[in-house]
$ cat model01.cif   # mmCIF, C-alpha atoms and all ligand atoms
data_final
loop_
_atom_site.label_atom_id
_atom_site.label_comp_id
_atom_site.auth_asym_id
_atom_site.auth_seq_id
_atom_site.Cartn_x
_atom_site.Cartn_y
_atom_site.Cartn_z
CA VAL A 24 15.46 -2.12 -3.98
CA HIS A 25 17.54 0.47 -2.23
CA VAL A 26 19.97 2.99 -3.59
CA GLY A 27 22.93 1.28 -5.20
CA ASP A 28 21.27 -2.10 -5.58
CA ARG A 29 22.48 -3.49 -8.83
CA ALA A 30 20.11 -4.03 -11.71
CA ASP A 31 21.20 -7.70 -11.82
CA GLY A 32 20.00 -8.17 -8.22
CA ALA A 33 23.50 -8.78 -6.83
CA GLY A 34 22.80 -6.49 -3.87
CA ALA A 35 23.78 -3.11 -2.52
CA SER A 36 27.34 -1.91 -2.96
CA ALA A 37 29.37 0.18 -0.49
CA THR A 38 28.51 3.14 -2.65
CA GLY A 39 24.87 2.20 -2.18
CA ALA A 40 25.13 2.35 1.62
CA GLU A 41 26.84 5.72 1.40
CA ALA A 42 24.15 6.96 -0.95
CA ILE A 43 21.42 5.85 1.46
CA ARG A 44 23.12 7.79 4.27
CA LEU A 45 23.44 10.86 2.05
CA LEU A 46 19.80 10.81 0.98
CA THR A 47 18.44 9.95 4.43
CA GLY A 48 20.39 12.83 5.97
CA LEU A 49 18.83 15.23 3.49
CA VAL A 50 15.20 14.45 4.34
CA ARG A 51 14.12 16.88 7.04
CA ASN A 52 11.46 15.95 9.59
CA VAL A 53 9.24 18.96 10.27
CA ALA A 54 7.03 18.40 13.30
CA ASP A 55 3.41 19.53 13.29
CA HIS A 56 3.20 20.42 9.61
CA PRO A 57 0.74 20.96 8.03
CA GLN A 58 -1.13 20.29 11.26
CA PRO A 59 -0.41 19.18 14.83
CA GLY A 60 0.67 15.55 15.13
CA ILE A 61 1.97 15.18 11.55
CA VAL A 62 5.72 14.76 11.01
CA PHE A 63 6.24 16.18 7.55
CA LYS A 64 8.98 14.60 5.42
CA ASP A 65 10.56 17.60 3.72
CA ILE A 66 12.61 16.56 0.68
CA THR A 67 13.68 20.08 -0.30
CA PRO A 68 17.22 19.72 1.21
CA LEU A 69 17.67 16.59 -0.95
CA LEU A 70 16.39 18.40 -4.05
CA GLY A 71 18.84 21.22 -3.43
CA HIS A 72 21.85 18.89 -3.29
CA PRO A 73 23.05 18.09 -6.84
CA ASP A 74 24.54 14.65 -6.11
CA ALA A 75 21.63 13.62 -3.92
CA TYR A 76 18.99 14.67 -6.45
CA ALA A 77 20.76 12.81 -9.26
CA THR A 78 21.25 9.74 -7.07
CA ALA A 79 17.61 9.72 -6.02
CA ILE A 80 16.40 9.94 -9.61
CA ALA A 81 18.74 7.13 -10.71
CA ALA A 82 17.55 4.95 -7.82
CA LEU A 83 13.89 5.56 -8.59
CA ALA A 84 14.38 4.77 -12.28
CA ALA A 85 16.80 1.82 -12.17
CA PRO A 86 14.38 -1.04 -11.38
CA PHE A 87 12.12 -0.01 -14.24
CA GLN A 88 14.60 0.55 -17.08
CA GLY A 89 13.15 -0.87 -20.30
CA ARG A 90 9.90 -1.92 -18.61
CA VAL A 91 7.77 1.22 -18.78
CA ASP A 92 6.04 3.29 -21.50
CA GLN A 93 4.76 6.17 -19.36
CA VAL A 94 5.49 7.68 -15.97
CA ALA A 95 2.42 8.89 -14.06
CA ALA A 96 3.58 11.64 -11.70
CA ILE A 97 1.41 12.87 -8.83
CA GLU A 98 1.06 16.61 -8.23
CA ALA A 99 3.05 18.31 -6.87
CA ARG A 100 6.18 16.70 -5.42
CA GLY A 101 5.67 13.69 -7.66
CA PHE A 102 6.25 16.02 -10.63
CA ILE A 103 9.67 17.03 -9.29
CA LEU A 104 10.75 13.39 -9.15
CA GLY A 105 8.59 11.89 -11.90
CA ALA A 106 9.70 14.20 -14.71
CA PRO A 107 13.41 13.38 -14.43
CA VAL A 108 12.55 9.70 -13.90
CA ALA A 109 10.58 9.74 -17.18
CA TYR A 110 13.52 11.43 -18.88
CA ALA A 111 15.92 8.82 -17.46
CA LEU A 112 13.68 5.98 -18.63
CA GLY A 113 12.97 7.52 -22.02
CA THR A 114 9.21 7.43 -21.43
CA GLY A 115 6.43 9.96 -21.65
CA LEU A 116 5.10 11.81 -18.60
CA VAL A 117 1.47 11.81 -17.51
CA PRO A 118 0.53 14.41 -14.90
CA MET A 119 -1.96 13.30 -12.26
CA ARG A 120 -3.36 16.54 -10.96
CA LYS A 121 -5.53 18.00 -8.25
CA VAL A 122 -9.11 18.64 -9.23
CA GLY A 123 -9.86 21.29 -11.86
CA LYS A 124 -6.30 21.80 -13.15
CA LEU A 125 -6.28 19.72 -16.33
CA PRO A 126 -7.92 21.51 -19.28
CA ALA A 127 -9.27 18.66 -21.45
CA ALA A 128 -11.59 15.71 -20.66
CA THR A 129 -10.51 14.02 -17.41
CA ALA A 130 -11.13 10.91 -15.38
CA SER A 131 -11.43 11.48 -11.62
CA ALA A 132 -10.51 9.34 -8.64
CA PRO A 133 -11.67 10.51 -5.20
CA TYR A 134 -9.63 9.27 -2.26
CA ALA A 135 -9.53 9.63 1.50
CA LEU A 136 -7.08 11.88 3.29
CA GLU A 137 -6.43 11.77 7.02
CA TYR A 138 -9.05 14.48 7.31
CA GLY A 139 -11.56 14.69 4.48
CA GLU A 140 -11.32 13.78 0.84
CA ALA A 141 -9.32 14.76 -2.23
CA VAL A 142 -9.63 14.05 -5.95
CA LEU A 143 -6.92 13.12 -8.41
CA GLU A 144 -7.49 13.68 -12.14
CA MET A 145 -5.92 12.49 -15.38
CA HIS A 146 -6.66 13.32 -18.99
CA VAL A 147 -8.69 10.42 -20.42
CA ASP A 148 -6.53 10.33 -23.55
CA ALA A 149 -3.22 10.42 -21.65
CA LEU A 150 -2.70 6.65 -21.77
CA ARG A 151 -3.47 4.00 -24.36
CA PRO A 152 -4.80 0.57 -23.39
CA GLU A 153 -1.99 -1.83 -22.43
CA GLU A 154 0.58 0.92 -21.97
CA ARG A 155 2.95 0.07 -19.08
CA VAL A 156 2.89 2.75 -16.41
CA LEU A 157 5.12 3.62 -13.44
CA VAL A 158 3.46 5.73 -10.72
CA VAL A 159 5.85 8.17 -8.97
CA ASP A 160 5.39 10.19 -5.78
CA ASP A 161 7.70 11.40 -3.01
CA VAL A 162 6.14 9.73 0.03
CA ILE A 163 3.80 6.78 0.55
CA ALA A 164 1.83 7.25 3.77
CA THR A 165 -1.59 5.54 3.83
CA GLY A 166 -1.26 4.64 0.15
CA GLY A 167 -4.55 6.33 -0.68
CA THR A 168 -3.00 8.65 -3.24
CA ALA A 169 -1.20 5.78 -4.98
CA ARG A 170 -4.41 3.76 -5.03
CA ALA A 171 -6.25 6.66 -6.68
CA ALA A 172 -3.49 6.85 -9.31
CA ILE A 173 -3.81 3.11 -9.94
CA ARG A 174 -7.57 3.47 -10.46
CA LEU A 175 -6.96 6.21 -13.04
CA VAL A 176 -4.37 4.15 -14.94
CA GLU A 177 -6.39 0.95 -14.91
CA GLY A 178 -9.62 2.82 -15.63
CA VAL A 179 -8.42 3.55 -19.17
CA GLY A 180 -7.10 0.01 -19.65
CA ALA A 181 -3.41 0.71 -19.09
CA ARG A 182 -1.23 -1.40 -16.79
CA VAL A 183 0.54 -0.40 -13.57
CA VAL A 184 4.03 -1.90 -13.75
CA GLY A 185 5.13 -0.37 -10.47
CA ILE A 186 4.76 2.29 -7.82
CA THR A 187 7.84 4.09 -6.60
CA ALA A 188 8.60 6.69 -3.95
CA LEU A 189 11.57 8.02 -2.05
CA LEU A 190 10.06 7.31 1.34
CA GLU A 191 7.44 5.26 3.04
CA ILE A 192 5.94 5.96 6.44
CA ALA A 193 5.69 2.54 8.00
CA GLY A 194 2.76 1.65 10.20
CA LEU A 195 0.12 3.45 8.17
CA GLY A 196 -0.76 0.34 6.18
CA GLY A 197 0.21 1.82 2.84
CA ARG A 198 1.82 -1.38 1.61
CA ALA A 199 -1.11 -3.57 2.56
CA GLY A 200 -3.41 -1.48 0.40
CA LEU A 201 -1.03 -1.84 -2.53
CA ASP A 202 -0.83 -5.63 -2.28
CA GLY A 203 -0.14 -7.27 -5.61
CA TYR A 204 1.70 -4.26 -7.03
CA ASP A 205 5.46 -3.87 -7.40
CA VAL A 206 6.15 -1.16 -4.81
CA ARG A 207 9.75 0.14 -4.67
CA VAL A 208 10.86 2.63 -2.04
CA VAL A 209 14.37 4.06 -2.24
CA LEU A 210 15.05 4.76 1.46
CA PRO A 211 14.60 2.38 4.39
CA PRO A 212 11.22 2.70 6.16
CA THR A 213 10.84 5.29 8.91
CA PRO A 214 8.57 4.63 11.89
CA ASP A 215 6.85 8.03 11.79
P1 LIG B 1 -1.06 8.89 1.31
O1 LIG B 1 -2.10 9.09 0.26
O2 LIG B 1 -1.61 8.82 2.67
O3 LIG B 1 -0.16 7.72 0.99
O4 LIG B 1 -0.16 10.18 1.32
C1 LIG B 1 0.80 10.36 0.35
C2 LIG B 1 0.72 11.74 -0.24
O5 LIG B 1 0.63 12.73 0.77
C3 LIG B 1 1.98 12.03 -1.00
O6 LIG B 1 1.62 12.81 -2.13
C4 LIG B 1 2.84 12.79 -0.03
O7 LIG B 1 3.51 13.82 -0.69
C5 LIG B 1 1.88 13.34 0.99
N1 LIG B 1 2.23 13.04 2.38
C6 LIG B 1 1.51 12.31 3.25
N2 LIG B 1 2.07 12.27 4.45
C7 LIG B 1 3.22 12.97 4.35
C8 LIG B 1 4.26 13.29 5.27
N3 LIG B 1 4.25 12.88 6.55
N4 LIG B 1 5.29 14.04 4.82
C9 LIG B 1 5.32 14.47 3.55
N5 LIG B 1 4.36 14.20 2.64
C10 LIG B 1 3.31 13.46 3.04
#
$ encode --input "model01.cif" --output "structure tokens" --more "lines below"
Ligand code: AMP
Amino acid sequence: VHVGDRADGAGASATGAEAIRLLTGLVRNVADHPQPGIVFKDITPLLGHPDAYATAIAALAAPFQGRVDQVAAIEARGFILGAPVAYALGTGLVPMRKVGKLPAATASAPYALEYGEAVLEMHVDALRPEERVLVVDDVIATGGTARAAIRLVEGVGARVVGITALLEIAGLGGRAGLDGYDVRVVLPPTPD
């Protein structure tokens, strides 16, 4: 589902195509950040544009209206998108944080980065069994972060209803590793 796609599945409107152009033009490619060879997708110009930010939040939320009990947002850029998505959907918000940040009892999910490993954590009492959860982040690259979030959600018996992001970096196999899940990306795939 792209921006402007109607909830009834009737397809993108003219407004939708304009919205895609607006949002796409506000994602800045920063070469060699945070290290040589990486093209960093910088969403801060989009966040700073009132219409674009509101449009992005609406597009992330729309497919999941009425279908979700909790939004699981991934630190840090996932918080910036996930919190307003939770507000738009009328759900709670569950922070998925980097290691050592959450104060109470946590579950941990280690995952691979391009170089090395990271750990995502969630409070063990953040979700009840059978709660319907939407995972939100800004970018899906290899999908490793999203898979760690799924393990945390499912590890306490809750259900992943969907995974949503603004952008996906095609060719890194992120989708393949999320097979069987409802993955929704707002903007068209970029090659790098
Ligand atoms: P991955 O686990 O490989 O899917 O990477 C996704 C996570 O890393 C997300 O939290 C993104 O914010 C971040 N990320 C990975 N690659 C990029 C990139 N090229 N530009 C911006 N963020 C990225």
$ residues_near_ligand --input "model01.cif" --ligand "ligand LIG 1 (chain B)" --cutoff "6 Å" --atoms "only C-alpha atoms and all ligand atoms" --output "PDB file with C-alpha atoms, in the coordinates of the input"
ATOM      1  CA  ILE A  61       1.970  15.180  11.550  1.00  0.00           C
ATOM      2  CA  VAL A  62       5.720  14.760  11.010  1.00  0.00           C
ATOM      3  CA  PHE A  63       6.240  16.180   7.550  1.00  0.00           C
ATOM      4  CA  LYS A  64       8.980  14.600   5.420  1.00  0.00           C
ATOM      5  CA  ASP A 160       5.390  10.190  -5.780  1.00  0.00           C
ATOM      6  CA  ASP A 161       7.700  11.400  -3.010  1.00  0.00           C
ATOM      7  CA  VAL A 162       6.140   9.730   0.030  1.00  0.00           C
ATOM      8  CA  ILE A 163       3.800   6.780   0.550  1.00  0.00           C
ATOM      9  CA  ALA A 164       1.830   7.250   3.770  1.00  0.00           C
ATOM     10  CA  THR A 165      -1.590   5.540   3.830  1.00  0.00           C
ATOM     11  CA  GLY A 166      -1.260   4.640   0.150  1.00  0.00           C
ATOM     12  CA  GLY A 167      -4.550   6.330  -0.680  1.00  0.00           C
ATOM     13  CA  THR A 168      -3.000   8.650  -3.240  1.00  0.00           C
TER      14      THR A 168
END
$ closest_residue --input "model01.cif" --among "A:Leu112, A:Val159, A:Leu175, A:Met145" --to "A:Arg207" --atoms "only C-alpha atoms"
A:Val159
$ axis_aligned_box --input "model01.cif" --around "stretch 47-65 of chain A" --padding-each-side "4 Å" --output "lines of an AutoDock Vina configuration file"
center_x = 9.6
center_y = 15.5
center_z = 9.3
size_x = 29.5
size_y = 19.0
size_z = 19.6
$ residues_around --input "model01.cif" --residues "A:Glu153" --least-positions-apart "4" --cutoff "8 Å" --atoms "only C-alpha atoms" --output "JSON, numbers by chain"
{"A": [180, 181, 182]}
$ atom_distance --input "model01.cif" --atom1 "atom CA of A:Met119" --atom2 "atom CA of A:Gly60"
27.6 Å
$ closest_residue --input "model01.cif" --among "A:Gly139, A:Ala132, A:Ile186, A:Glu177" --to "A:Ala96" --atoms "all atoms listed in the file"
A:Ile186
$ atom_distance --input "model01.cif" --atom1 "atom CA of A:Val50" --atom2 "atom CA of A:Gly203"
28.4 Å
$ atom_distance --input "model01.cif" --atom1 "atom CA of A:Glu154" --atom2 "atom CA of A:Leu83"
19.4 Å
$ closest_residue --input "model01.cif" --among "A:Leu150, A:Asp205, A:Leu210, A:Leu157" --to "A:Gly101" --atoms "all atoms listed in the file"
A:Leu157
$ residues_around --input "model01.cif" --residues "A:Leu69" --least-positions-apart "3" --cutoff "12 Å" --atoms "only C-alpha atoms" --output "PDB file with C-alpha atoms, in the coordinates of the input"
ATOM      1  CA  ALA A  42      24.150   6.960  -0.950  1.00  0.00           C
ATOM      2  CA  ILE A  43      21.420   5.850   1.460  1.00  0.00           C
ATOM      3  CA  ARG A  44      23.120   7.790   4.270  1.00  0.00           C
ATOM      4  CA  LEU A  45      23.440  10.860   2.050  1.00  0.00           C
ATOM      5  CA  LEU A  46      19.800  10.810   0.980  1.00  0.00           C
ATOM      6  CA  THR A  47      18.440   9.950   4.430  1.00  0.00           C
ATOM      7  CA  GLY A  48      20.390  12.830   5.970  1.00  0.00           C
ATOM      8  CA  LEU A  49      18.830  15.230   3.490  1.00  0.00           C
ATOM      9  CA  VAL A  50      15.200  14.450   4.340  1.00  0.00           C
ATOM     10  CA  ARG A  51      14.120  16.880   7.040  1.00  0.00           C
ATOM     11  CA  LYS A  64       8.980  14.600   5.420  1.00  0.00           C
ATOM     12  CA  ASP A  65      10.560  17.600   3.720  1.00  0.00           C
ATOM     13  CA  ILE A  66      12.610  16.560   0.680  1.00  0.00           C
ATOM     14  CA  HIS A  72      21.850  18.890  -3.290  1.00  0.00           C
ATOM     15  CA  PRO A  73      23.050  18.090  -6.840  1.00  0.00           C
ATOM     16  CA  ASP A  74      24.540  14.650  -6.110  1.00  0.00           C
ATOM     17  CA  ALA A  75      21.630  13.620  -3.920  1.00  0.00           C
ATOM     18  CA  TYR A  76      18.990  14.670  -6.450  1.00  0.00           C
ATOM     19  CA  ALA A  77      20.760  12.810  -9.260  1.00  0.00           C
ATOM     20  CA  THR A  78      21.250   9.740  -7.070  1.00  0.00           C
ATOM     21  CA  ALA A  79      17.610   9.720  -6.020  1.00  0.00           C
ATOM     22  CA  ILE A  80      16.400   9.940  -9.610  1.00  0.00           C
ATOM     23  CA  ILE A 103       9.670  17.030  -9.290  1.00  0.00           C
ATOM     24  CA  LEU A 104      10.750  13.390  -9.150  1.00  0.00           C
ATOM     25  CA  ASP A 161       7.700  11.400  -3.010  1.00  0.00           C
ATOM     26  CA  LEU A 189      11.570   8.020  -2.050  1.00  0.00           C
TER      27      LEU A 189
END
$ decode --input "model01.cif" --residues "stretch 91-104 of chain A" --atoms "all heavy atoms" --output "compact mmCIF listing (two decimals), in the first residue's frame"
# COMPACT_ATOMS: atom_id res chain seq x y z
N VAL A 91 -5.30 -3.34 15.36
CA VAL A 91 -4.09 -3.38 16.17
C VAL A 91 -4.40 -2.94 17.60
O VAL A 91 -5.19 -2.02 17.80
CB VAL A 91 -3.01 -2.44 15.56
CG1 VAL A 91 -1.77 -2.37 16.41
CG2 VAL A 91 -2.65 -2.89 14.15
N ASP A 92 -3.78 -3.60 18.58
CA ASP A 92 -3.92 -3.19 19.98
C ASP A 92 -2.73 -2.38 20.47
O ASP A 92 -2.87 -1.54 21.36
CB ASP A 92 -4.04 -4.44 20.88
CG ASP A 92 -5.21 -5.31 20.48
OD1 ASP A 92 -6.34 -4.81 20.43
OD2 ASP A 92 -4.99 -6.51 20.21
N GLN A 93 -1.54 -2.67 19.94
CA GLN A 93 -0.32 -2.01 20.39
C GLN A 93 0.60 -1.76 19.20
O GLN A 93 0.69 -2.58 18.29
CB GLN A 93 0.46 -2.90 21.38
CG GLN A 93 -0.29 -3.23 22.66
CD GLN A 93 -0.33 -2.07 23.65
OE1 GLN A 93 0.37 -1.06 23.51
NE2 GLN A 93 -1.17 -2.22 24.66
N VAL A 94 1.29 -0.63 19.24
CA VAL A 94 2.34 -0.36 18.27
C VAL A 94 3.69 -0.57 18.96
O VAL A 94 3.95 0.01 20.02
CB VAL A 94 2.24 1.08 17.72
CG1 VAL A 94 3.51 1.48 16.98
CG2 VAL A 94 1.03 1.22 16.80
N ALA A 95 4.52 -1.42 18.37
CA ALA A 95 5.88 -1.63 18.86
C ALA A 95 6.81 -0.78 18.01
O ALA A 95 6.94 -0.99 16.80
CB ALA A 95 6.28 -3.10 18.76
N ALA A 96 7.43 0.23 18.63
CA ALA A 96 8.26 1.18 17.90
C ALA A 96 9.73 0.94 18.24
O ALA A 96 10.09 0.75 19.40
CB ALA A 96 7.86 2.61 18.26
N ILE A 97 10.56 0.94 17.20
CA ILE A 97 11.98 0.58 17.37
C ILE A 97 12.83 1.83 17.54
O ILE A 97 12.79 2.75 16.70
CB ILE A 97 12.44 -0.26 16.17
CG1 ILE A 97 11.62 -1.57 16.12
CG2 ILE A 97 13.94 -0.55 16.26
CD1 ILE A 97 11.87 -2.42 14.90
N GLU A 98 13.58 1.88 18.63
CA GLU A 98 14.49 3.00 18.90
C GLU A 98 15.48 3.17 17.75
O GLU A 98 16.02 2.20 17.28
CB GLU A 98 15.27 2.71 20.19
CG GLU A 98 16.16 3.85 20.63
CD GLU A 98 16.76 3.64 22.03
OE1 GLU A 98 16.59 2.56 22.62
OE2 GLU A 98 17.41 4.58 22.50
N ALA A 99 15.75 4.38 17.35
CA ALA A 99 15.21 5.63 17.79
C ALA A 99 14.24 6.24 16.77
O ALA A 99 13.25 6.85 17.13
CB ALA A 99 16.34 6.63 18.03
N ARG A 100 14.55 6.08 15.47
CA ARG A 100 13.68 6.74 14.48
C ARG A 100 12.30 6.09 14.43
O ARG A 100 11.31 6.74 14.08
CB ARG A 100 14.36 6.76 13.11
CG ARG A 100 15.53 7.76 13.09
CD ARG A 100 16.15 7.86 11.72
NE ARG A 100 16.71 6.62 11.24
CZ ARG A 100 17.92 6.16 11.56
NH1 ARG A 100 18.70 6.85 12.34
NH2 ARG A 100 18.34 5.00 11.10
N GLY A 101 12.21 4.83 14.84
CA GLY A 101 10.90 4.19 14.93
C GLY A 101 10.01 4.85 15.96
O GLY A 101 8.77 4.83 15.83
N PHE A 102 10.61 5.46 17.00
CA PHE A 102 9.81 6.19 17.99
C PHE A 102 9.12 7.40 17.35
O PHE A 102 7.97 7.72 17.66
CB PHE A 102 10.67 6.71 19.14
CG PHE A 102 11.25 5.67 20.06
CD1 PHE A 102 12.09 6.05 21.09
CD2 PHE A 102 10.95 4.33 19.93
CE1 PHE A 102 12.63 5.13 21.95
CE2 PHE A 102 11.49 3.37 20.79
CZ PHE A 102 12.34 3.78 21.81
N ILE A 103 9.88 8.09 16.48
CA ILE A 103 9.39 9.35 15.90
C ILE A 103 8.19 9.10 15.00
O ILE A 103 7.31 9.95 14.87
CB ILE A 103 10.54 10.02 15.10
CG1 ILE A 103 11.69 10.38 16.03
CG2 ILE A 103 10.04 11.22 14.32
CD1 ILE A 103 12.96 10.78 15.29
N LEU A 104 8.16 7.92 14.40
CA LEU A 104 7.04 7.54 13.53
C LEU A 104 6.01 6.72 14.31
O LEU A 104 4.81 6.89 14.13
CB LEU A 104 7.56 6.74 12.34
CG LEU A 104 8.57 7.48 11.47
CD1 LEU A 104 9.20 6.53 10.46
CD2 LEU A 104 7.91 8.65 10.75
